[in-house]
>>> print(open('start-v1.csv').read())   # CSV, C-alpha atoms
chain,number,residue,atom,x,y,z
A,19,MET,CA,6.3,-66.3,35.1
A,20,ARG,CA,7.1,-66.2,31.4
A,21,VAL,CA,10.8,-65.6,30.5
A,22,ILE,CA,12.1,-64.3,27.2
A,23,ASP,CA,15.8,-63.7,26.4
A,24,VAL,CA,16.2,-60.6,24.3
A,25,ASN,CA,19.8,-61.1,23.6
A,26,ARG,CA,20.8,-64.6,22.3
A,27,ILE,CA,23.1,-66.0,19.6
A,28,VAL,CA,22.5,-69.2,17.6
A,29,GLY,CA,25.1,-70.8,15.5
A,30,PRO,CA,28.8,-71.5,15.9
A,31,VAL,CA,30.9,-68.9,17.6
A,32,PRO,CA,34.7,-68.2,17.5
A,33,THR,CA,35.2,-68.8,21.2
A,34,GLY,CA,34.7,-72.6,21.0
A,35,ASP,CA,32.2,-75.4,20.8
A,36,VAL,CA,28.8,-74.4,22.2
A,37,PRO,CA,25.5,-76.4,22.6
A,38,SER,CA,23.6,-73.7,20.6
A,39,THR,CA,25.4,-74.3,17.2
A,40,ASP,CA,22.0,-75.1,15.8
A,41,ALA,CA,18.4,-74.4,16.8
A,42,ALA,CA,17.9,-77.8,18.4
A,43,GLY,CA,20.8,-77.2,20.7
A,44,LEU,CA,19.6,-73.7,21.6
A,45,LEU,CA,16.1,-74.9,22.4
A,46,ALA,CA,17.6,-77.6,24.7
A,47,GLU,CA,19.6,-74.8,26.5
A,48,LEU,CA,16.4,-72.7,26.9
A,49,ASP,CA,14.6,-75.7,28.4
A,50,ARG,CA,17.5,-76.4,30.8
A,51,LEU,CA,17.2,-72.9,32.2
A,52,ALA,CA,13.4,-72.5,32.0
A,53,ILE,CA,13.6,-69.8,29.4
A,54,ASP,CA,10.4,-69.8,27.3
A,55,ALA,CA,11.6,-68.0,24.2
A,56,ALA,CA,14.5,-66.0,22.8
A,57,CYS,CA,15.2,-63.2,20.4
A,58,VAL,CA,18.1,-64.7,18.4
A,59,VAL,CA,20.7,-63.3,16.1
A,60,HIS,CA,22.5,-65.9,13.9
A,61,SER,CA,26.3,-65.9,14.3
A,62,ARG,CA,26.7,-65.9,10.6
A,63,ASP,CA,24.9,-62.5,10.4
A,64,LEU,CA,26.9,-61.3,13.4
A,65,TYR,CA,30.4,-62.3,12.3
A,66,TYR,CA,30.2,-63.0,8.6
A,67,ASP,CA,27.8,-61.7,6.0
A,68,PRO,CA,24.3,-60.5,7.1
A,69,THR,CA,23.3,-60.0,3.4
A,70,THR,CA,23.1,-63.8,3.1
A,71,ALA,CA,21.2,-64.6,6.2
A,72,ALA,CA,21.3,-68.1,7.5
A,73,GLU,CA,18.0,-70.0,7.8
A,74,LEU,CA,16.3,-70.8,11.1
A,75,PRO,CA,13.5,-73.2,11.6
A,76,ASP,CA,10.0,-71.8,11.9
A,77,ASP,CA,9.7,-72.3,15.7
A,78,PRO,CA,7.5,-70.0,17.8
A,79,ARG,CA,10.0,-69.9,20.6
A,80,LEU,CA,12.7,-68.3,18.4
A,81,VAL,CA,12.3,-64.7,17.2
A,82,ARG,CA,14.8,-63.9,14.5
A,83,VAL,CA,16.7,-60.6,15.0
A,84,PRO,CA,18.2,-59.5,11.7
A,85,VAL,CA,21.5,-57.6,11.7
A,86,VAL,CA,21.2,-54.2,10.0
A,87,VAL,CA,24.2,-52.7,8.3
A,88,PRO,CA,23.6,-49.1,6.9
A,89,GLY,CA,25.0,-47.8,3.6
A,90,PRO,CA,25.3,-49.0,0.0
A,91,LEU,CA,27.2,-52.1,1.1
A,92,GLY,CA,24.6,-52.8,3.8
A,93,THR,CA,21.4,-54.7,4.3
A,94,ALA,CA,17.7,-54.1,3.8
A,95,VAL,CA,15.4,-54.1,6.9
A,96,PRO,CA,12.8,-56.9,6.6
A,97,GLU,CA,9.2,-55.7,6.4
A,98,THR,CA,8.2,-57.7,9.4
A,99,ALA,CA,11.0,-56.7,11.7
A,100,LYS,CA,10.2,-55.3,15.1
A,101,LEU,CA,13.7,-55.8,16.7
A,102,VAL,CA,17.0,-55.6,14.9
A,103,ARG,CA,20.7,-55.5,15.9
A,104,MET,CA,23.4,-53.1,14.7
A,105,CYS,CA,27.0,-54.2,15.1
A,106,PRO,CA,29.4,-51.3,14.2
A,107,ALA,CA,32.5,-53.0,15.5
A,108,GLU,CA,31.9,-56.3,13.7
A,109,HIS,CA,30.8,-54.7,10.4
A,110,ARG,CA,33.0,-51.7,10.4
A,111,PHE,CA,30.7,-48.7,10.3
A,112,ARG,CA,29.9,-45.7,12.5
A,113,LEU,CA,26.5,-45.5,14.2
A,114,THR,CA,26.6,-41.7,13.7
A,115,GLY,CA,28.0,-41.7,10.2
A,116,PRO,CA,25.7,-40.3,7.5
A,117,HIS,CA,24.4,-43.7,6.6
A,118,GLY,CA,24.1,-44.7,10.2
A,119,ILE,CA,21.9,-41.7,11.1
A,120,GLU,CA,19.8,-42.2,8.0
A,121,ALA,CA,19.2,-45.9,8.9
A,122,ALA,CA,18.4,-44.9,12.5
A,123,ARG,CA,15.8,-42.4,11.3
A,124,GLY,CA,14.2,-45.0,9.1
A,125,LEU,CA,14.0,-47.5,12.0
A,126,ALA,CA,12.5,-44.9,14.3
A,127,GLU,CA,9.8,-44.0,11.8
A,128,ARG,CA,8.8,-47.7,11.5
A,129,GLY,CA,8.8,-48.2,15.3
A,130,ILE,CA,11.7,-50.7,15.2
A,131,THR,CA,13.9,-51.2,18.3
A,132,VAL,CA,17.6,-51.6,17.9
A,133,LEU,CA,19.9,-53.8,20.0
A,134,VAL,CA,23.4,-52.4,20.2
A,135,THR,CA,26.4,-53.2,22.4
A,136,LEU,CA,27.6,-50.5,24.7
A,137,GLU,CA,31.1,-50.2,23.2
A,138,ASP,CA,31.4,-46.4,22.7
A,139,PRO,CA,29.1,-44.4,25.1
A,140,GLY,CA,29.9,-41.2,23.1
A,141,GLU,CA,28.6,-42.8,19.9
A,142,ILE,CA,25.4,-43.9,21.7
A,143,HIS,CA,24.9,-40.4,23.1
A,144,ARG,CA,25.3,-38.8,19.7
A,145,LEU,CA,23.0,-41.4,18.1
A,146,ALA,CA,20.3,-40.9,20.7
A,147,SER,CA,20.6,-37.1,20.5
A,148,GLU,CA,20.3,-37.1,16.7
A,149,VAL,CA,17.4,-39.6,16.6
A,150,PRO,CA,15.6,-39.2,19.9
A,151,ALA,CA,12.6,-41.2,18.8
A,152,LEU,CA,14.7,-44.4,18.2
A,153,ARG,CA,14.2,-47.1,20.8
A,154,ILE,CA,17.6,-48.6,21.7
A,155,VAL,CA,18.3,-51.5,24.0
A,156,LEU,CA,21.9,-51.4,25.2
A,157,ILE,CA,23.3,-55.0,25.5
A,158,ASN,CA,26.4,-56.5,27.1
A,159,THR,CA,27.0,-53.3,29.0
A,160,GLY,CA,29.6,-54.8,31.3
A,161,TYR,CA,29.4,-55.0,35.1
A,162,ARG,CA,31.8,-52.1,35.6
A,163,ALA,CA,30.0,-49.6,33.3
A,164,LEU,CA,27.2,-48.5,35.6
A,165,ARG,CA,28.3,-44.9,35.7
A,166,GLU,CA,28.5,-44.7,31.9
A,167,LEU,CA,25.2,-46.4,31.6
A,168,ALA,CA,23.6,-44.1,34.1
A,169,ASP,CA,24.9,-41.0,32.2
A,170,LEU,CA,23.0,-42.2,29.1
A,171,LEU,CA,19.8,-43.4,30.8
A,172,GLU,CA,19.6,-40.1,32.6
A,173,VAL,CA,19.3,-38.0,29.5
A,174,HIS,CA,17.8,-40.3,26.9
A,175,PRO,CA,14.4,-41.7,27.8
A,176,GLU,CA,14.2,-44.1,24.8
A,177,LEU,CA,17.3,-46.0,26.0
A,178,ASN,CA,16.9,-49.3,27.7
A,179,VAL,CA,19.3,-52.0,29.0
A,180,ASP,CA,19.5,-55.7,29.1
A,181,THR,CA,20.7,-57.8,32.1
A,182,ALA,CA,23.3,-59.9,30.3
A,183,THR,CA,26.3,-58.3,32.2
A,184,LEU,CA,24.4,-55.9,34.5
A,185,CYS,CA,25.5,-58.1,37.3
A,186,GLY,CA,27.1,-55.9,39.9
A,187,HIS,CA,25.5,-56.2,43.4
A,188,LEU,CA,22.0,-54.8,43.2
A,189,SER,CA,22.8,-53.1,39.9
A,190,VAL,CA,19.5,-54.1,38.3
A,191,GLU,CA,17.6,-53.0,41.4
A,192,TRP,CA,19.3,-49.6,41.3
A,193,VAL,CA,18.5,-49.0,37.6
A,194,VAL,CA,14.9,-50.1,38.2
A,195,ARG,CA,14.4,-47.8,41.2
A,196,ARG,CA,15.9,-44.8,39.5
A,197,TYR,CA,14.6,-45.2,35.9
A,198,GLY,CA,11.8,-47.7,36.0
A,199,ALA,CA,11.3,-51.4,35.4
A,200,HIS,CA,10.0,-50.7,31.9
A,201,ARG,CA,13.6,-49.9,30.8
A,202,VAL,CA,15.2,-53.2,31.8
A,203,LEU,CA,14.9,-56.4,29.7
A,204,PHE,CA,16.1,-59.9,30.6
A,205,GLY,CA,19.0,-60.9,28.3
A,206,THR,CA,21.9,-63.3,28.6
A,207,GLY,CA,24.2,-62.6,25.6
A,208,ALA,CA,24.8,-66.4,25.5
A,209,PRO,CA,26.8,-68.3,24.5
A,210,LEU,CA,29.4,-65.5,24.5
A,211,THR,CA,28.5,-64.7,28.1
A,212,ASP,CA,27.0,-66.8,30.8
A,213,ASP,CA,23.3,-67.6,30.7
A,214,ALA,CA,22.8,-69.2,34.1
A,215,GLY,CA,24.0,-66.1,36.0
A,216,PRO,CA,21.3,-63.7,34.5
A,217,ARG,CA,18.7,-66.4,34.9
A,218,PHE,CA,19.5,-67.0,38.5
A,219,GLN,CA,19.6,-63.2,39.1
A,220,LEU,CA,16.1,-62.9,37.6
A,221,ASP,CA,14.7,-65.3,40.2
A,222,HIS,CA,16.4,-63.4,43.1
A,223,LEU,CA,15.8,-59.8,42.2
A,224,GLU,CA,14.8,-57.7,45.2
A,225,LEU,CA,12.0,-56.0,43.4
A,226,PRO,CA,8.2,-56.2,43.3
A,227,VAL,CA,6.7,-59.1,41.4
A,228,ASP,CA,5.2,-56.8,38.8
A,229,ASP,CA,8.6,-55.3,38.1
A,230,VAL,CA,10.2,-58.7,37.7
A,231,ALA,CA,7.5,-59.8,35.3
A,232,LEU,CA,8.2,-56.7,33.1
A,233,ILE,CA,11.9,-57.5,33.0
A,234,ALA,CA,11.4,-61.2,32.4
A,235,SER,CA,9.1,-60.8,29.4
A,236,GLY,CA,6.7,-57.9,29.5
A,237,ASN,CA,9.0,-55.3,28.1
A,238,VAL,CA,10.2,-57.4,25.1
A,239,LEU,CA,6.7,-58.4,24.3
A,240,GLU,CA,5.7,-54.8,24.2
A,241,LEU,CA,8.6,-54.1,21.7
A,242,LEU,CA,7.5,-57.0,19.5
A,243,ARG,CA,3.8,-56.2,19.4
>>> encode(input="start-v1.csv", output="structure tokens")
Amino acid sequence: MRVIDVNRIVGPVPTGDVPSTDAAGLLAELDRLAIDAACVVHSRDLYYDPTTAAELPDDPRLVRVPVVVPGPLGTAVPETAKLVRMCPAEHRFRLTGPHGIEAARGLAERGITVLVTLEDPGEIHRLASEVPALRIVLINTGYRALRELADLLEVHPELNVDTATLCGHLSVEWVVRRYGAHRVLFGTGAPLTDDAGPRFQLDHLELPVDDVALIASGNVLELLR
């Protein structure tokens, strides 16, 4: 079974020394956990300045996820992007501000999927209501946020979720059985969150093999096509 991590950080992080401070360290971590590839955001883009994106080696196992900041002080979306990340808390903007909505509409028109942390469920609801065609993957949702997550998944069919912190007992199975395996993507959030836990969970999901394959890599490959 092929495994692709949709939610990974490369580069130094403020929480301490990590093996994935560079691409070589990250690839070694992927090998250690039998993860075939990863969609990666660089920590410089995430925490510092996404307008001067740090370089990554041209490696087929690493898919660069650019950070998009809307507005006149923001960033352009690369022509080849299929998957981007928006970080309103880190870069101090509102998802549903005038520029945020404008950027979201542009991404939806181009068929680009957005990774965004579930920090403010109300903002996510307003964004998905204003731009219903925008595909969103909610990441790092937190293991105690299942009710808030379910509220959003129930009414917004283009919302999806990663498994980074969807680690309550049988939480992934519950989401799959209610909303479908096509709405869940394997992600770890590493190194800010544990990568071994979600990887272990993936191997032990109480779901049909075809559903597990979609979660492990099928869904993210569909987004990247």
>>> closest_residue(input="start-v1.csv", among="A:Ile22, A:Leu177, A:Ala41, A:Ala72", to="Ala55 in chain A", atoms="only C-alpha atoms")
A:Ile22
>>> atom_distance(input="start-v1.csv", atom1="CA of Arg201 in chain A", atom2="CA of Asp221 in chain A")
18.1 Å
>>> closest_atom_pairs(input="start-v1.csv", of="range 27-100 of chain A", to="range 112-124 of chain A", cutoff="12 Å", atoms="all atoms listed in the file", output="CSV")
residue,atom,partner,partner_atom,distance
A:Val86,CA,A:Ala121,CA,8.6
A:Val87,CA,A:Gly118,CA,8.2
A:Pro88,CA,A:His117,CA,5.5
A:Gly89,CA,A:His117,CA,5.1
A:Pro90,CA,A:His117,CA,8.5
A:Leu91,CA,A:His117,CA,10.4
A:Gly92,CA,A:His117,CA,9.5
A:Thr93,CA,A:Ala121,CA,10.2
A:Ala94,CA,A:Ala121,CA,9.8
A:Val95,CA,A:Ala121,CA,9.3
>>> closest_residue(input="start-v1.csv", among="A:Ala71, A:Ala107, A:Val227, A:Ile154", to="Pro175 in chain A", atoms="all atoms listed in the file")
A:Ile154
>>> residues_around(input="start-v1.csv", residues="Val149 in chain A", least_positions_apart="2", cutoff="9 Å", atoms="all atoms listed in the file", output="PyMOL selection string")
chain A and resi 119+122-123+126+144-147+151-152
>>> closest_residue(input="start-v1.csv", among="A:Val83, A:Ala199, A:Ala163, A:Leu74", to="Asp23 in chain A", atoms="all atoms listed in the file")
A:Val83
>>> atom_distance(input="start-v1.csv", atom1="CA of Thr70 in chain A", atom2="CA of Ile157 in chain A")
24.1 Å
>>> residues_around(input="start-v1.csv", residues="Asp40 in chain A", least_positions_apart="6", cutoff="9 Å", atoms="all atoms listed in the file", output="list of chain:residue names")
A:Val28, A:Gly29, A:Pro30, A:Leu74
>>> residues_around(input="start-v1.csv", residues="Thr206 in chain A", least_positions_apart="5", cutoff="7 Å", atoms="only C-alpha atoms", output="list in words")
Asp23, Asn25, Arg26, Thr181, Ala182, Thr211, Asp212, Asp213 and Pro216 of chain A
>>> closest_atom_pairs(input="start-v1.csv", of="range 41-120 of chain A", to="range 131-134 of chain A", cutoff="7 Å", atoms="only C-alpha atoms", output="tab-separated table")
residue	atom	partner	partner_atom	distance
A:Lys100	CA	A:Thr131	CA	6.4
A:Leu101	CA	A:Thr131	CA	4.9
A:Val102	CA	A:Val132	CA	5.0
A:Arg103	CA	A:Leu133	CA	4.5
A:Met104	CA	A:Val134	CA	5.5
A:Cys105	CA	A:Val134	CA	6.5
>>> residues_around(input="start-v1.csv", residues="Asn178 in chain A", least_positions_apart="5", cutoff="10 Å", atoms="all atoms listed in the file", output="ChimeraX atom specification")
/A:133,153-157,167,170-171,197-203,237
>>> closest_residue(input="start-v1.csv", among="A:Leu239, A:Ile53, A:Ala99, A:Val58", to="Arg128 in chain A", atoms="all atoms listed in the file")
A:Ala99
>>> closest_residue(input="start-v1.csv", among="A:Gln219, A:Thr69, A:Thr39, A:Thr183", to="Tyr161 in chain A", atoms="all atoms listed in the file")
A:Thr183
>>> decode(input="start-v1.csv", residues="range 83-101 of chain A", atoms="N, CA and C atoms", output="CSV table (one decimal), in the first residue's frame")
chain,number,residue,atom,x,y,z
A,83,VAL,N,4.3,22.4,-0.9
A,83,VAL,CA,3.0,23.1,-0.7
A,83,VAL,C,3.3,24.5,-0.4
A,84,PRO,N,3.1,25.4,-1.3
A,84,PRO,CA,3.3,26.8,-1.0
A,84,PRO,C,2.3,27.4,0.0
A,85,VAL,N,2.8,28.4,0.8
A,85,VAL,CA,1.9,29.1,1.7
A,85,VAL,C,1.3,30.3,0.9
A,86,VAL,N,0.0,30.4,0.9
A,86,VAL,CA,-0.7,31.5,0.2
A,86,VAL,C,-1.2,32.6,1.3
A,87,VAL,N,-0.8,33.8,1.1
A,87,VAL,CA,-1.2,34.9,1.9
A,87,VAL,C,-2.0,35.9,1.0
A,88,PRO,N,-3.2,36.1,1.3
A,88,PRO,CA,-4.0,37.0,0.4
A,88,PRO,C,-3.7,38.5,0.6
A,89,GLY,N,-4.0,39.3,-0.3
A,89,GLY,CA,-3.9,40.8,-0.1
A,89,GLY,C,-2.7,41.4,-0.7
A,90,PRO,N,-2.6,42.7,-0.6
A,90,PRO,CA,-1.5,43.4,-1.3
A,90,PRO,C,-0.1,43.1,-0.7
A,91,LEU,N,-0.1,42.6,0.6
A,91,LEU,CA,1.2,42.2,1.2
A,91,LEU,C,1.4,40.7,1.1
A,92,GLY,N,0.6,40.1,0.3
A,92,GLY,CA,0.6,38.6,0.2
A,92,GLY,C,1.5,38.0,-0.8
A,93,THR,N,1.1,36.8,-1.3
A,93,THR,CA,1.9,36.0,-2.2
A,93,THR,C,1.1,35.7,-3.4
A,94,ALA,N,1.8,35.4,-4.5
A,94,ALA,CA,1.2,34.9,-5.7
A,94,ALA,C,1.1,33.4,-5.6
A,95,VAL,N,0.2,32.8,-6.3
A,95,VAL,CA,0.0,31.4,-6.3
A,95,VAL,C,0.8,30.8,-7.5
A,96,PRO,N,1.7,29.9,-7.3
A,96,PRO,CA,2.5,29.3,-8.4
A,96,PRO,C,1.6,28.7,-9.4
A,97,GLU,N,2.0,28.8,-10.7
A,97,GLU,CA,1.1,28.3,-11.8
A,97,GLU,C,0.9,26.8,-11.7
A,98,THR,N,1.9,26.1,-11.2
A,98,THR,CA,1.8,24.6,-11.1
A,98,THR,C,1.1,24.1,-9.8
A,99,ALA,N,0.7,25.0,-8.9
A,99,ALA,CA,0.2,24.5,-7.6
A,99,ALA,C,-1.1,23.7,-7.8
A,100,LYS,N,-1.2,22.7,-7.1
A,100,LYS,CA,-2.4,21.9,-6.9
A,100,LYS,C,-2.9,21.9,-5.5
A,101,LEU,N,-2.0,22.1,-4.6
A,101,LEU,CA,-2.3,22.1,-3.2
A,101,LEU,C,-1.5,23.2,-2.5
